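Encoded as structure tokens, the structure appears first; notes follow it.
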Amino acid sequence: MTLDFDGLYRFHGHRCPMSTMGARLAGAAMEALGVGKGDQFLIQADYGIRNCALDGIQFVTGCTLGNGNISCSESGRPLLVLGMRDGSRKAVVSVSAAALARLAAHKDTKAGLLKEREVSGLARAKDIDGIIERDFLALVGWVQDVPDGELLEITVFGRER
Ligand SMILES: [Zn+2]
């Protein structure tokens, strides 16, 4: 499924890893169920954390707060459950351990750079700002492009359509 990331970032208001992740989780779940955005009233979504990923999921699936077919279970897990409303099938998609490790490593690197920035001179601080920006965009690009198999784990329950 081709994902419209530029459209997503216009909707979401900024470019970020987790809105991108939400779009990737949603795209994989929809492919697994064989549904498109036009099927938004046949499906319902739940995501486990109230964060930017919810906007990626809403944008891609058409399951929105306004449509009343998305919820946030607040389980604390980066897990999307996309199900057919008739209960026939559901796709459970989570962020892979490897991807979570990469996101955590990025956060640690950034924290280290920010700590260094506090005690560095202006020239180095500007360097650090550039590094942080470059790393951020690289991470967003990675979440956009990395194959599904490296980014997520998907299980489908229920009968074939
Ligand atoms: Zn965001």
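Going through the structure tokens in order, the chains are called A, B, and so on, while each chain numbers its residues from 1 and the ligands are numbered from 1 in the order shown.
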
**Request:** Among the residues of stretch 44-160 of chain A, find those DSSP assigns to helix (DSSP H, G or I) from the backbone and print them as a PyMOL selection string.
**Result:** chain A and resi 53-61+97-118+122-145+148-151

**12 Å contact set for stretch 69-72 of chain A, only C-alpha atoms, chain neighbours under 6 positions out, as a ChimeraX atom specification** = /A:26,39-55,57-59,61-63,78-85

Counting only C-alpha atoms, what is within 10 Å of A:Phe136, bar same-chain residues fewer than 6 positions away, as an mmCIF file with all heavy atoms, in the first residue's frame?
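Result written to result_3.cif:
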data_model
loop_
_atom_site.group_PDB
_atom_site.id
_atom_site.type_symbol
_atom_site.label_atom_id
_atom_site.label_comp_id
_atom_site.auth_asym_id
_atom_site.auth_seq_id
_atom_site.Cartn_x
_atom_site.Cartn_y
_atom_site.Cartn_z
ATOM 1 N N ARG A 15 6.266 16.646 10.950
ATOM 2 C CA ARG A 15 6.868 15.400 10.477
ATOM 3 C C ARG A 15 7.492 14.722 11.686
ATOM 4 O O ARG A 15 8.297 15.352 12.374
ATOM 5 C CB ARG A 15 7.942 15.797 9.468
ATOM 6 C CG ARG A 15 8.795 14.714 8.877
ATOM 7 C CD ARG A 15 9.810 15.343 7.922
ATOM 8 N NE ARG A 15 9.145 15.940 6.782
ATOM 9 C CZ ARG A 15 8.990 15.329 5.602
ATOM 10 N NH1 ARG A 15 9.511 14.142 5.408
ATOM 11 N NH2 ARG A 15 8.356 15.921 4.613
ATOM 12 N N CYS A 16 7.130 13.489 11.975
ATOM 13 C CA CYS A 16 7.728 12.842 13.144
ATOM 14 C C CYS A 16 7.700 11.318 13.017
ATOM 15 O O CYS A 16 6.937 10.770 12.232
ATOM 16 C CB CYS A 16 7.019 13.290 14.422
ATOM 17 S SG CYS A 16 5.360 12.618 14.607
ATOM 18 N N PRO A 17 8.557 10.638 13.780
ATOM 19 C CA PRO A 17 8.646 9.180 13.660
ATOM 20 C C PRO A 17 7.343 8.453 14.018
ATOM 21 O O PRO A 17 6.963 7.492 13.354
ATOM 22 C CB PRO A 17 9.752 8.793 14.651
ATOM 23 C CG PRO A 17 10.558 10.030 14.832
ATOM 24 C CD PRO A 17 9.587 11.167 14.686
ATOM 25 N N HIS A 106 17.873 6.126 19.512
ATOM 26 C CA HIS A 106 17.801 7.498 18.994
ATOM 27 C C HIS A 106 17.544 8.491 20.131
ATOM 28 O O HIS A 106 18.166 9.546 20.217
ATOM 29 C CB HIS A 106 16.696 7.588 17.942
ATOM 30 C CG HIS A 106 16.493 8.977 17.423
ATOM 31 N ND1 HIS A 106 15.565 9.827 17.966
ATOM 32 C CD2 HIS A 106 17.131 9.680 16.468
ATOM 33 C CE1 HIS A 106 15.636 10.991 17.340
ATOM 34 N NE2 HIS A 106 16.565 10.923 16.424
ATOM 35 N N LYS A 107 16.630 8.113 21.020
ATOM 36 C CA LYS A 107 16.281 8.969 22.158
ATOM 37 C C LYS A 107 17.505 9.169 23.077
ATOM 38 O O LYS A 107 17.778 10.282 23.542
ATOM 39 C CB LYS A 107 15.139 8.298 22.932
ATOM 40 C CG LYS A 107 14.302 9.220 23.764
ATOM 41 C CD LYS A 107 13.094 8.448 24.300
ATOM 42 C CE LYS A 107 12.316 9.274 25.304
ATOM 43 N NZ LYS A 107 11.193 8.504 25.870
ATOM 44 N N LYS A 110 20.082 11.429 21.419
ATOM 45 C CA LYS A 110 19.625 12.821 21.481
ATOM 46 C C LYS A 110 19.820 13.396 22.890
ATOM 47 O O LYS A 110 20.278 14.536 23.050
ATOM 48 C CB LYS A 110 18.154 12.918 21.056
ATOM 49 C CG LYS A 110 17.653 14.353 20.996
ATOM 50 C CD LYS A 110 16.193 14.424 20.587
ATOM 51 C CE LYS A 110 15.707 15.858 20.666
ATOM 52 N NZ LYS A 110 14.256 15.953 20.384
ATOM 53 N N GLY A 130 22.502 20.770 14.396
ATOM 54 C CA GLY A 130 22.495 20.175 13.050
ATOM 55 C C GLY A 130 22.465 18.661 13.102
ATOM 56 O O GLY A 130 21.739 18.023 12.321
ATOM 57 N N TRP A 142 13.774 6.407 7.879
ATOM 58 C CA TRP A 142 13.886 4.963 8.135
ATOM 59 C C TRP A 142 12.511 4.369 8.422
ATOM 60 O O TRP A 142 12.165 3.310 7.887
ATOM 61 C CB TRP A 142 14.835 4.723 9.311
ATOM 62 C CG TRP A 142 15.030 3.269 9.632
ATOM 63 C CD1 TRP A 142 15.818 2.375 8.961
ATOM 64 C CD2 TRP A 142 14.392 2.536 10.692
ATOM 65 N NE1 TRP A 142 15.711 1.137 9.540
ATOM 66 C CE2 TRP A 142 14.862 1.193 10.600
ATOM 67 C CE3 TRP A 142 13.498 2.882 11.705
ATOM 68 C CZ2 TRP A 142 14.451 0.210 11.493
ATOM 69 C CZ3 TRP A 142 13.086 1.886 12.587
ATOM 70 C CH2 TRP A 142 13.562 0.571 12.470
#

**Message:** Restricting the calculation to only C-alpha atoms and all ligand atoms: of A:Glu133, A:Val140, A:Glu118, A:Ala28, which residue gets closest to ligand 1?
**Reply:** A:Val140

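Of the listed residues (A:Thr109, A:Leu114, A:Met21, A:Val143), A:Leu114 comes nearest to A:Asp129; the distances count only C-alpha atoms.
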
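Backbone DSSP of chain A yields strand (DSSP E) at A:Ile43, A:Gln44, A:Ala45, A:Asp46, A:Tyr47, A:Ile70, A:Ser71, A:Cys72, A:Leu79, A:Leu80, A:Val81, A:Leu82, A:Gly83, A:Met84, A:Arg89, A:Lys90, A:Ala91, A:Val92, A:Val93, A:Ser94, A:Val95, A:Leu152, A:Glu153, A:Ile154, A:Thr155, A:Val156, A:Phe157, A:Gly158.
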
**Asked** Near A:Phe5, counting only C-alpha atoms, which residues have an atom at most 10 Å away, once you skip same-chain residues fewer than 4 positions from it, shown as a ChimeraX atom specification?
**Response** /A:9-11,15,19-20,23-24,56,59-60,144

Output for the residues just chosen: all heavy atoms as an mmCIF file, in the first residue's frame:
data_model
loop_
_atom_site.group_PDB
_atom_site.id
_atom_site.type_symbol
_atom_site.label_atom_id
_atom_site.label_comp_id
_atom_site.auth_asym_id
_atom_site.auth_seq_id
_atom_site.Cartn_x
_atom_site.Cartn_y
_atom_site.Cartn_z
ATOM 1 N N TYR A 9 1.674 14.484 7.104
ATOM 2 C CA TYR A 9 2.344 15.521 7.901
ATOM 3 C C TYR A 9 1.574 16.844 7.841
ATOM 4 O O TYR A 9 1.593 17.612 8.802
ATOM 5 C CB TYR A 9 3.797 15.698 7.456
ATOM 6 C CG TYR A 9 4.613 14.408 7.527
ATOM 7 C CD1 TYR A 9 5.541 14.093 6.541
ATOM 8 C CD2 TYR A 9 4.433 13.503 8.573
ATOM 9 C CE1 TYR A 9 6.265 12.900 6.592
ATOM 10 C CE2 TYR A 9 5.142 12.310 8.624
ATOM 11 C CZ TYR A 9 6.058 12.016 7.637
ATOM 12 O OH TYR A 9 6.758 10.842 7.687
ATOM 13 N N ARG A 10 0.873 17.088 6.729
ATOM 14 C CA ARG A 10 0.004 18.278 6.681
ATOM 15 C C ARG A 10 -1.130 18.117 7.690
ATOM 16 O O ARG A 10 -1.464 19.046 8.423
ATOM 17 C CB ARG A 10 -0.562 18.493 5.275
ATOM 18 C CG ARG A 10 0.412 19.167 4.317
ATOM 19 C CD ARG A 10 -0.295 19.695 3.064
ATOM 20 N NE ARG A 10 -0.902 18.635 2.272
ATOM 21 C CZ ARG A 10 -0.236 17.890 1.379
ATOM 22 N NH1 ARG A 10 1.040 18.092 1.154
ATOM 23 N NH2 ARG A 10 -0.862 16.948 0.708
ATOM 24 N N PHE A 11 -1.721 16.933 7.716
ATOM 25 C CA PHE A 11 -2.818 16.656 8.657
ATOM 26 C C PHE A 11 -2.322 16.738 10.103
ATOM 27 O O PHE A 11 -2.950 17.367 10.965
ATOM 28 C CB PHE A 11 -3.384 15.257 8.364
ATOM 29 C CG PHE A 11 -4.329 14.721 9.416
ATOM 30 C CD1 PHE A 11 -5.609 15.234 9.554
ATOM 31 C CD2 PHE A 11 -3.937 13.696 10.268
ATOM 32 C CE1 PHE A 11 -6.476 14.741 10.522
ATOM 33 C CE2 PHE A 11 -4.799 13.193 11.236
ATOM 34 C CZ PHE A 11 -6.073 13.721 11.361
ATOM 35 N N ARG A 15 6.266 16.646 10.950
ATOM 36 C CA ARG A 15 6.868 15.400 10.477
ATOM 37 C C ARG A 15 7.492 14.722 11.686
ATOM 38 O O ARG A 15 8.297 15.352 12.374
ATOM 39 C CB ARG A 15 7.942 15.797 9.468
ATOM 40 C CG ARG A 15 8.795 14.714 8.877
ATOM 41 C CD ARG A 15 9.810 15.343 7.922
ATOM 42 N NE ARG A 15 9.145 15.940 6.782
ATOM 43 C CZ ARG A 15 8.990 15.329 5.602
ATOM 44 N NH1 ARG A 15 9.511 14.142 5.408
ATOM 45 N NH2 ARG A 15 8.356 15.921 4.613
ATOM 46 N N SER A 19 4.053 9.478 14.074
ATOM 47 C CA SER A 19 2.932 9.580 13.127
ATOM 48 C C SER A 19 3.221 8.677 11.922
ATOM 49 O O SER A 19 2.317 8.003 11.399
ATOM 50 C CB SER A 19 2.692 11.030 12.700
ATOM 51 O OG SER A 19 3.784 11.552 11.978
ATOM 52 N N THR A 20 4.499 8.650 11.515
ATOM 53 C CA THR A 20 4.920 7.793 10.407
ATOM 54 C C THR A 20 4.700 6.323 10.767
ATOM 55 O O THR A 20 4.198 5.529 9.959
ATOM 56 C CB THR A 20 6.411 8.043 10.099
ATOM 57 O OG1 THR A 20 6.629 9.454 9.971
ATOM 58 C CG2 THR A 20 6.837 7.349 8.817
ATOM 59 N N ALA A 23 1.117 5.317 10.524
ATOM 60 C CA ALA A 23 0.728 5.090 9.130
ATOM 61 C C ALA A 23 1.196 3.720 8.655
ATOM 62 O O ALA A 23 0.455 2.997 7.975
ATOM 63 C CB ALA A 23 1.308 6.188 8.236
ATOM 64 N N ARG A 24 2.424 3.347 9.049
ATOM 65 C CA ARG A 24 2.963 2.040 8.628
ATOM 66 C C ARG A 24 2.166 0.895 9.259
ATOM 67 O O ARG A 24 1.845 -0.087 8.594
ATOM 68 C CB ARG A 24 4.436 1.925 9.014
ATOM 69 C CG ARG A 24 5.386 2.852 8.244
ATOM 70 C CD ARG A 24 5.538 2.465 6.771
ATOM 71 N NE ARG A 24 5.803 1.067 6.534
ATOM 72 C CZ ARG A 24 7.020 0.515 6.456
ATOM 73 N NH1 ARG A 24 8.084 1.281 6.577
ATOM 74 N NH2 ARG A 24 7.172 -0.767 6.222
ATOM 75 N N GLY A 56 -1.421 9.024 12.497
ATOM 76 C CA GLY A 56 -1.066 8.221 11.329
ATOM 77 C C GLY A 56 -2.122 7.163 11.051
ATOM 78 O O GLY A 56 -2.487 6.910 9.901
ATOM 79 N N PHE A 59 -5.333 8.902 9.751
ATOM 80 C CA PHE A 59 -5.160 9.411 8.383
ATOM 81 C C PHE A 59 -5.226 8.290 7.361
ATOM 82 O O PHE A 59 -5.844 8.436 6.306
ATOM 83 C CB PHE A 59 -3.826 10.158 8.271
ATOM 84 C CG PHE A 59 -3.597 10.775 6.929
ATOM 85 C CD1 PHE A 59 -4.241 11.948 6.560
ATOM 86 C CD2 PHE A 59 -2.736 10.177 6.015
ATOM 87 C CE1 PHE A 59 -4.040 12.505 5.310
ATOM 88 C CE2 PHE A 59 -2.531 10.731 4.766
ATOM 89 C CZ PHE A 59 -3.178 11.901 4.408
ATOM 90 N N VAL A 60 -4.598 7.164 7.666
ATOM 91 C CA VAL A 60 -4.506 6.077 6.690
ATOM 92 C C VAL A 60 -5.784 5.233 6.636
ATOM 93 O O VAL A 60 -6.245 4.860 5.564
ATOM 94 C CB VAL A 60 -3.275 5.191 6.969
ATOM 95 C CG1 VAL A 60 -3.292 3.921 6.126
ATOM 96 C CG2 VAL A 60 -1.995 5.985 6.701
ATOM 97 N N GLN A 144 9.714 5.430 7.405
ATOM 98 C CA GLN A 144 8.947 5.431 6.148
ATOM 99 C C GLN A 144 9.309 4.239 5.262
ATOM 100 O O GLN A 144 8.426 3.621 4.670
ATOM 101 C CB GLN A 144 9.252 6.699 5.340
ATOM 102 C CG GLN A 144 8.584 7.942 5.846
ATOM 103 C CD GLN A 144 8.862 9.135 4.922
ATOM 104 O OE1 GLN A 144 9.525 9.017 3.887
ATOM 105 N NE2 GLN A 144 8.368 10.293 5.319
#

Polymer residues at most 9 Å from A:Leu113, only C-alpha atoms, same-chain spacing of 6 or more positions, as a short mmCIF file (atom, residue, chain, number, x, y, z; two decimals) with all heavy atoms, in the first residue's frame:
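The new file around.cif reads:
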data_model
loop_
_atom_site.label_atom_id
_atom_site.label_comp_id
_atom_site.auth_asym_id
_atom_site.auth_seq_id
_atom_site.Cartn_x
_atom_site.Cartn_y
_atom_site.Cartn_z
N ILE A 128 25.69 20.64 17.13
CA ILE A 128 24.81 19.66 17.78
C ILE A 128 23.39 19.81 17.27
O ILE A 128 22.72 18.82 16.97
CB ILE A 128 24.89 19.79 19.32
CG1 ILE A 128 26.27 19.28 19.79
CG2 ILE A 128 23.76 19.01 19.99
CD1 ILE A 128 26.56 19.54 21.26
N ASP A 129 22.92 21.04 17.11
CA ASP A 129 21.57 21.26 16.57
C ASP A 129 21.44 20.62 15.19
O ASP A 129 20.42 20.00 14.87
CB ASP A 129 21.27 22.76 16.47
CG ASP A 129 21.06 23.40 17.83
OD1 ASP A 129 20.87 22.65 18.82
OD2 ASP A 129 21.09 24.64 17.91
N ILE A 131 23.24 18.09 14.03
CA ILE A 131 23.28 16.63 14.17
C ILE A 131 21.90 16.11 14.60
O ILE A 131 21.39 15.12 14.06
CB ILE A 131 24.36 16.20 15.19
CG1 ILE A 131 25.75 16.55 14.67
CG2 ILE A 131 24.26 14.71 15.50
CD1 ILE A 131 26.85 16.47 15.73
N ILE A 132 21.31 16.79 15.58
CA ILE A 132 19.99 16.36 16.08
C ILE A 132 18.95 16.41 14.96
O ILE A 132 18.17 15.47 14.78
CB ILE A 132 19.57 17.23 17.29
CG1 ILE A 132 20.42 16.87 18.52
CG2 ILE A 132 18.07 17.06 17.59
CD1 ILE A 132 20.21 17.77 19.72
#

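The smallest atom-to-atom distance between A:Met18 and any of A:Val35, A:Thr64, A:Gly141, A:Val119, using only C-alpha atoms, is found for A:Gly141.
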
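Going from atom CA of A:Leu151 to atom CA of A:Leu65 covers 26.0 Å.
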
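Note that atom CA of A:Leu25 and atom CA of A:Val95 are 7.8 Å apart.
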